[in-house]
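Quick notes on the structure that follows.
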Amino acid sequence: VDYIVRIAGTLTSPHSVTYQNGSQFISEKDSSFSFTNLTLATGAKFTHGYNSASAQGKSLQLNISGNLTMQTNALLDVSGRGYPAASGQGRGATATSTQSGGGAGHGGVGGGGGFAASGGAIYDAALAPTLIGSGGSKSGGAGTCVAGNGGGAVILNVLGTFDFSGKVLANGGDSTAGCAYGAGGGAGGAVSIAANTWQGSSGTITADGGGVATAATAEGGSGGGGAGPTAIPALEN
């Protein structure tokens with residue numbers, strides 16, 4: 001049976017927990033969740049809620065005192081759940097005319113658009129990132145394109161073995177297509193993983209910046225989002 005669990009505070013479980021296919025666990029606050037042993041079966045998903053433009057309020061922080069197992073296609077997916085368009089410390093610049101918007105920056109500088117729509121700047125701690133990605137900016141004036149959201153943040157600490165065959169995704173959002181003039185892509189979010197022992201060979205980790213969709217009316221172009229910082233400080237096979 002599919003089900004959704006929403007938590008708006010700290011959660012601590014002394015038990016070994018398994019989330020099955022179709023289950024979703026959503027963090028609705030910038031707080032941590034602790035498990036002894038956690039298994040995410042194929043199709044299970046952990047994420048966090050969407051952030052507002054004012055400040056970072058939601059991230060996905062997991063502390064595992066034992067072992068974490070992510071089966072094939074199990075997800076820690078916070079893509080597009082960072083700052084919304086035109087917000088965050090790495091947001092792209094808006095062009096003074098109506099033609100383009102800059103991509104957001106985070107772990108890398110955002111791509112610049114035409115007409116002085118510069119890309120957003122780098123921020124966050126490269127070796128221990130915790131901040132969500134910033135949103136791209138739309139074109140000024142009469143532009144109707146919507147810029148991409150930034151990616152969210154995943155902070156994962158595993159004291160035992162991380163058996164990883166799933167996916168950890170914190171990608172920035174693409175700008176919309178088919179609109180008037182352009183807008184920038186959102187920046188990738190943050191991924192920080194520390195595990196005592198790491199095993200598995202088919203897992204995927206991405207914090208890519210969002211792309212720029214083709215606008216119906218485009219002059220000067222818009223910038224893609226910068227990638228988010230990804231830190232894996234120690235791996236032991």
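Going by the structure tokens order, chains are called A, B, ..., each with residues numbered from 1, while ligands are numbered from 1 in the order shown.
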
Please identify all polymer residues within 6 Å of region 88-94 of chain A, counting only C-alpha atoms, omitting same-chain residues fewer than 3 positions from it, and present them as an MDAnalysis selection string.
chainID A and resid 83 101:106 117:121 134:137 139:140

Deliver the residues from the most recent selection as a file, using N, CA and C atoms, as a PDB file, in the first residue's frame.
```pdb
ATOM      1  N   TYR A  83      15.724  26.913  -3.196  1.00  0.00           N
ATOM      2  CA  TYR A  83      15.102  28.235  -3.340  1.00  0.00           C
ATOM      3  C   TYR A  83      14.321  28.314  -4.650  1.00  0.00           C
ATOM      4  N   GLY A 101      17.740  35.816 -18.719  1.00  0.00           N
ATOM      5  CA  GLY A 101      17.974  35.749 -17.281  1.00  0.00           C
ATOM      6  C   GLY A 101      19.195  34.902 -16.994  1.00  0.00           C
ATOM      7  N   GLY A 102      19.863  35.140 -15.878  1.00  0.00           N
ATOM      8  CA  GLY A 102      21.067  34.401 -15.529  1.00  0.00           C
ATOM      9  C   GLY A 102      20.760  33.121 -14.769  1.00  0.00           C
ATOM     10  N   GLY A 103      21.624  32.117 -14.969  1.00  0.00           N
ATOM     11  CA  GLY A 103      21.508  30.883 -14.205  1.00  0.00           C
ATOM     12  C   GLY A 103      22.033  31.070 -12.791  1.00  0.00           C
ATOM     13  N   ALA A 104      21.530  30.291 -11.859  1.00  0.00           N
ATOM     14  CA  ALA A 104      21.942  30.408 -10.462  1.00  0.00           C
ATOM     15  C   ALA A 104      23.272  29.695 -10.216  1.00  0.00           C
ATOM     16  N   GLY A 105      24.029  30.170  -9.240  1.00  0.00           N
ATOM     17  CA  GLY A 105      25.268  29.545  -8.828  1.00  0.00           C
ATOM     18  C   GLY A 105      25.115  28.852  -7.489  1.00  0.00           C
ATOM     19  N   HIS A 106      26.008  27.884  -7.222  1.00  0.00           N
ATOM     20  CA  HIS A 106      26.074  27.226  -5.915  1.00  0.00           C
ATOM     21  C   HIS A 106      27.479  26.632  -5.775  1.00  0.00           C
ATOM     22  N   ALA A 117      22.794  39.728 -18.074  1.00  0.00           N
ATOM     23  CA  ALA A 117      22.163  38.809 -17.124  1.00  0.00           C
ATOM     24  C   ALA A 117      23.226  37.820 -16.644  1.00  0.00           C
ATOM     25  N   SER A 118      24.035  38.240 -15.691  1.00  0.00           N
ATOM     26  CA  SER A 118      25.163  37.420 -15.242  1.00  0.00           C
ATOM     27  C   SER A 118      24.694  36.237 -14.399  1.00  0.00           C
ATOM     28  N   GLY A 119      25.529  35.183 -14.381  1.00  0.00           N
ATOM     29  CA  GLY A 119      25.220  34.015 -13.560  1.00  0.00           C
ATOM     30  C   GLY A 119      25.505  34.270 -12.098  1.00  0.00           C
ATOM     31  N   GLY A 120      24.860  33.493 -11.235  1.00  0.00           N
ATOM     32  CA  GLY A 120      25.029  33.653  -9.796  1.00  0.00           C
ATOM     33  C   GLY A 120      26.369  33.140  -9.303  1.00  0.00           C
ATOM     34  N   ALA A 121      26.747  33.564  -8.110  1.00  0.00           N
ATOM     35  CA  ALA A 121      28.067  33.274  -7.544  1.00  0.00           C
ATOM     36  C   ALA A 121      28.080  31.953  -6.778  1.00  0.00           C
ATOM     37  N   SER A 134      20.198  27.826  -5.208  1.00  0.00           N
ATOM     38  CA  SER A 134      19.462  29.050  -5.506  1.00  0.00           C
ATOM     39  C   SER A 134      18.689  28.924  -6.819  1.00  0.00           C
ATOM     40  N   GLY A 135      17.712  29.821  -6.985  1.00  0.00           N
ATOM     41  CA  GLY A 135      16.896  29.824  -8.187  1.00  0.00           C
ATOM     42  C   GLY A 135      17.476  30.707  -9.274  1.00  0.00           C
ATOM     43  N   GLY A 136      17.255  30.326 -10.525  1.00  0.00           N
ATOM     44  CA  GLY A 136      17.648  31.184 -11.641  1.00  0.00           C
ATOM     45  C   GLY A 136      16.750  32.408 -11.716  1.00  0.00           C
ATOM     46  N   SER A 137      17.093  33.338 -12.597  1.00  0.00           N
ATOM     47  CA  SER A 137      16.306  34.557 -12.741  1.00  0.00           C
ATOM     48  C   SER A 137      15.657  34.635 -14.108  1.00  0.00           C
ATOM     49  N   SER A 139      13.784  36.828 -17.314  1.00  0.00           N
ATOM     50  CA  SER A 139      14.094  38.061 -18.031  1.00  0.00           C
ATOM     51  C   SER A 139      13.293  39.211 -17.434  1.00  0.00           C
ATOM     52  N   GLY A 140      13.793  40.406 -17.610  1.00  0.00           N
ATOM     53  CA  GLY A 140      13.122  41.571 -17.072  1.00  0.00           C
ATOM     54  C   GLY A 140      11.952  42.021 -17.938  1.00  0.00           C
TER      55      GLY A 140
END
```

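Taking only C-alpha atoms into account, Ser52 (chain A) lies nearest to A:Ile132 out of the set A:Ile4, A:Ala194, A:Ile26, A:Ile132.
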
Quick one, how far is CA of Leu156 (chain A) from CA of Val109 (chain A)?
24.9 Å

Spatial neighbours of Gly160 (chain A), max dist 6 Å, only C-alpha atoms, sep filter under 6 positions, as a PyMOL selection string
chain A and resi 66-67+196

Got a sec to tell me which of chain A DSSP assigns to strand (DSSP E), as an MDAnalysis selection string?
chainID A and resid 3:7 11:19 23:27 32:40 45:48 60:64 68:70 75:77 153:164 167:169 190:199 204:206 230:231

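The two atoms in question, CA of Gly108 (chain A) and CA of Asn51 (chain A), are spaced 20.8 Å apart.
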
Just the residues within 6 Å of region 170-178 of chain A, please, counting only C-alpha atoms, with nothing from its chain fewer than 2 positions along; format it as a PyMOL selection string.
chain A and resi 78-80+145-152+183-189+207-216

Find the spatial neighbours of Asn63 (chain A), counting only C-alpha atoms, within a cut-off of 9 Å - ignore same-chain residues fewer than 6 positions away - and output them as a PyMOL selection string.
chain A and resi 32-36+155-159

Residues of the last selection are to be written out with all heavy atoms, as an mmCIF file, in the first residue's frame.
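Dumped to selection-v7.cif:
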```cif
data_model
loop_
_atom_site.group_PDB
_atom_site.id
_atom_site.type_symbol
_atom_site.label_atom_id
_atom_site.label_comp_id
_atom_site.auth_asym_id
_atom_site.auth_seq_id
_atom_site.Cartn_x
_atom_site.Cartn_y
_atom_site.Cartn_z
ATOM 1 N N SER A 32 16.884 16.917 11.865
ATOM 2 C CA SER A 32 17.474 15.622 11.549
ATOM 3 C C SER A 32 16.568 14.469 11.960
ATOM 4 O O SER A 32 15.741 14.582 12.869
ATOM 5 C CB SER A 32 18.835 15.476 12.227
ATOM 6 O OG SER A 32 18.690 15.504 13.630
ATOM 7 N N PHE A 33 16.773 13.328 11.278
ATOM 8 C CA PHE A 33 16.062 12.094 11.579
ATOM 9 C C PHE A 33 17.081 10.997 11.826
ATOM 10 O O PHE A 33 18.023 10.840 11.050
ATOM 11 C CB PHE A 33 15.123 11.726 10.438
ATOM 12 C CG PHE A 33 14.191 12.847 10.072
ATOM 13 C CD1 PHE A 33 14.228 13.400 8.813
ATOM 14 C CD2 PHE A 33 13.305 13.366 10.994
ATOM 15 C CE1 PHE A 33 13.391 14.447 8.473
ATOM 16 C CE2 PHE A 33 12.464 14.414 10.675
ATOM 17 C CZ PHE A 33 12.498 14.958 9.411
ATOM 18 N N SER A 34 16.885 10.233 12.886
ATOM 19 C CA SER A 34 17.876 9.246 13.306
ATOM 20 C C SER A 34 17.258 7.851 13.334
ATOM 21 O O SER A 34 16.166 7.648 13.879
ATOM 22 C CB SER A 34 18.417 9.600 14.694
ATOM 23 O OG SER A 34 19.009 10.891 14.693
ATOM 24 N N PHE A 35 17.981 6.892 12.750
ATOM 25 C CA PHE A 35 17.566 5.502 12.733
ATOM 26 C C PHE A 35 18.751 4.635 13.167
ATOM 27 O O PHE A 35 19.908 5.016 12.983
ATOM 28 C CB PHE A 35 17.135 5.067 11.336
ATOM 29 C CG PHE A 35 15.938 5.801 10.794
ATOM 30 C CD1 PHE A 35 16.094 6.984 10.078
ATOM 31 C CD2 PHE A 35 14.657 5.305 10.978
ATOM 32 C CE1 PHE A 35 14.998 7.665 9.568
ATOM 33 C CE2 PHE A 35 13.553 5.974 10.474
ATOM 34 C CZ PHE A 35 13.718 7.155 9.772
ATOM 35 N N THR A 36 18.447 3.444 13.696
ATOM 36 C CA THR A 36 19.506 2.481 13.983
ATOM 37 C C THR A 36 19.960 1.817 12.692
ATOM 38 O O THR A 36 21.113 1.936 12.282
ATOM 39 C CB THR A 36 19.027 1.438 14.998
ATOM 40 O OG1 THR A 36 18.652 2.098 16.212
ATOM 41 C CG2 THR A 36 20.133 0.428 15.299
ATOM 42 N N ILE A 155 21.965 15.650 3.690
ATOM 43 C CA ILE A 155 23.111 15.457 4.580
ATOM 44 C C ILE A 155 22.948 14.084 5.228
ATOM 45 O O ILE A 155 21.971 13.841 5.947
ATOM 46 C CB ILE A 155 23.201 16.557 5.652
ATOM 47 C CG1 ILE A 155 23.356 17.932 4.993
ATOM 48 C CG2 ILE A 155 24.382 16.298 6.581
ATOM 49 C CD1 ILE A 155 22.070 18.706 4.846
ATOM 50 N N LEU A 156 23.878 13.190 4.953
ATOM 51 C CA LEU A 156 23.740 11.792 5.339
ATOM 52 C C LEU A 156 24.971 11.336 6.111
ATOM 53 O O LEU A 156 26.100 11.457 5.625
ATOM 54 C CB LEU A 156 23.559 10.940 4.079
ATOM 55 C CG LEU A 156 23.440 9.430 4.223
ATOM 56 C CD1 LEU A 156 22.258 9.064 5.090
ATOM 57 C CD2 LEU A 156 23.296 8.797 2.837
ATOM 58 N N ASN A 157 24.745 10.823 7.323
ATOM 59 C CA ASN A 157 25.832 10.292 8.152
ATOM 60 C C ASN A 157 25.518 8.847 8.531
ATOM 61 O O ASN A 157 24.490 8.577 9.177
ATOM 62 C CB ASN A 157 25.994 11.135 9.418
ATOM 63 C CG ASN A 157 26.455 12.543 9.126
ATOM 64 O OD1 ASN A 157 27.584 12.758 8.713
ATOM 65 N ND2 ASN A 157 25.574 13.514 9.333
ATOM 66 N N VAL A 158 26.388 7.924 8.125
ATOM 67 C CA VAL A 158 26.191 6.500 8.381
ATOM 68 C C VAL A 158 27.395 5.982 9.168
ATOM 69 O O VAL A 158 28.517 5.960 8.648
ATOM 70 C CB VAL A 158 26.042 5.710 7.061
ATOM 71 C CG1 VAL A 158 25.784 4.241 7.354
ATOM 72 C CG2 VAL A 158 24.926 6.291 6.195
ATOM 73 N N LEU A 159 27.182 5.562 10.414
ATOM 74 C CA LEU A 159 28.292 5.083 11.237
ATOM 75 C C LEU A 159 28.718 3.662 10.882
ATOM 76 O O LEU A 159 29.836 3.261 11.169
ATOM 77 C CB LEU A 159 27.921 5.160 12.714
ATOM 78 C CG LEU A 159 27.625 6.559 13.264
ATOM 79 C CD1 LEU A 159 27.369 6.497 14.761
ATOM 80 C CD2 LEU A 159 28.763 7.523 12.955
#
```

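The smallest atom-to-atom distance between Thr47 (chain A) and any of A:Thr12, A:Ser27, A:Gln199, A:Thr161, using only C-alpha atoms, is found for A:Ser27.
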
Skipping near chain neighbours, those fewer than 2 positions away, what residues fall within 9 Å of Leu131 (chain A) using only C-alpha atoms, listed as a PyMOL selection string?
chain A and resi 56+59+82+106+123-125+129+133+152-153+189-190

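Distances here use only C-alpha atoms; by that measure, the residue among A:Gly9, A:Pro14, A:Gly110, A:Gly166 closest to Gly43 (chain A) is A:Gly166.
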
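Rounded to one decimal, CA of Thr39 (chain A) and CA of Ile64 (chain A) lie 10.6 Å from each other.
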
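Considering only C-alpha atoms, the residue among A:Leu169, A:Gly107, A:Asn21, A:Phe164 positioned nearest to His48 (chain A) is A:Leu169.
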
Selection near Leu76 (chain A), 6 Å with only C-alpha atoms, sequence-local residues under 2 positions removed, as JSON, numbers by chain:
{"A": [45, 46, 47, 168]}

For the residues in the current selection, export C-alpha atoms as an mmCIF file, in the first residue's frame.
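Okay, result-v4.cif is ready:
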```cif
data_model
loop_
_atom_site.group_PDB
_atom_site.id
_atom_site.type_symbol
_atom_site.label_atom_id
_atom_site.label_comp_id
_atom_site.auth_asym_id
_atom_site.auth_seq_id
_atom_site.Cartn_x
_atom_site.Cartn_y
_atom_site.Cartn_z
ATOM 1 C CA LYS A 45 11.558 7.719 -1.557
ATOM 2 C CA PHE A 46 12.837 10.193 1.029
ATOM 3 C CA THR A 47 12.667 13.926 0.254
ATOM 4 C CA VAL A 168 20.723 10.511 -4.406
#
```
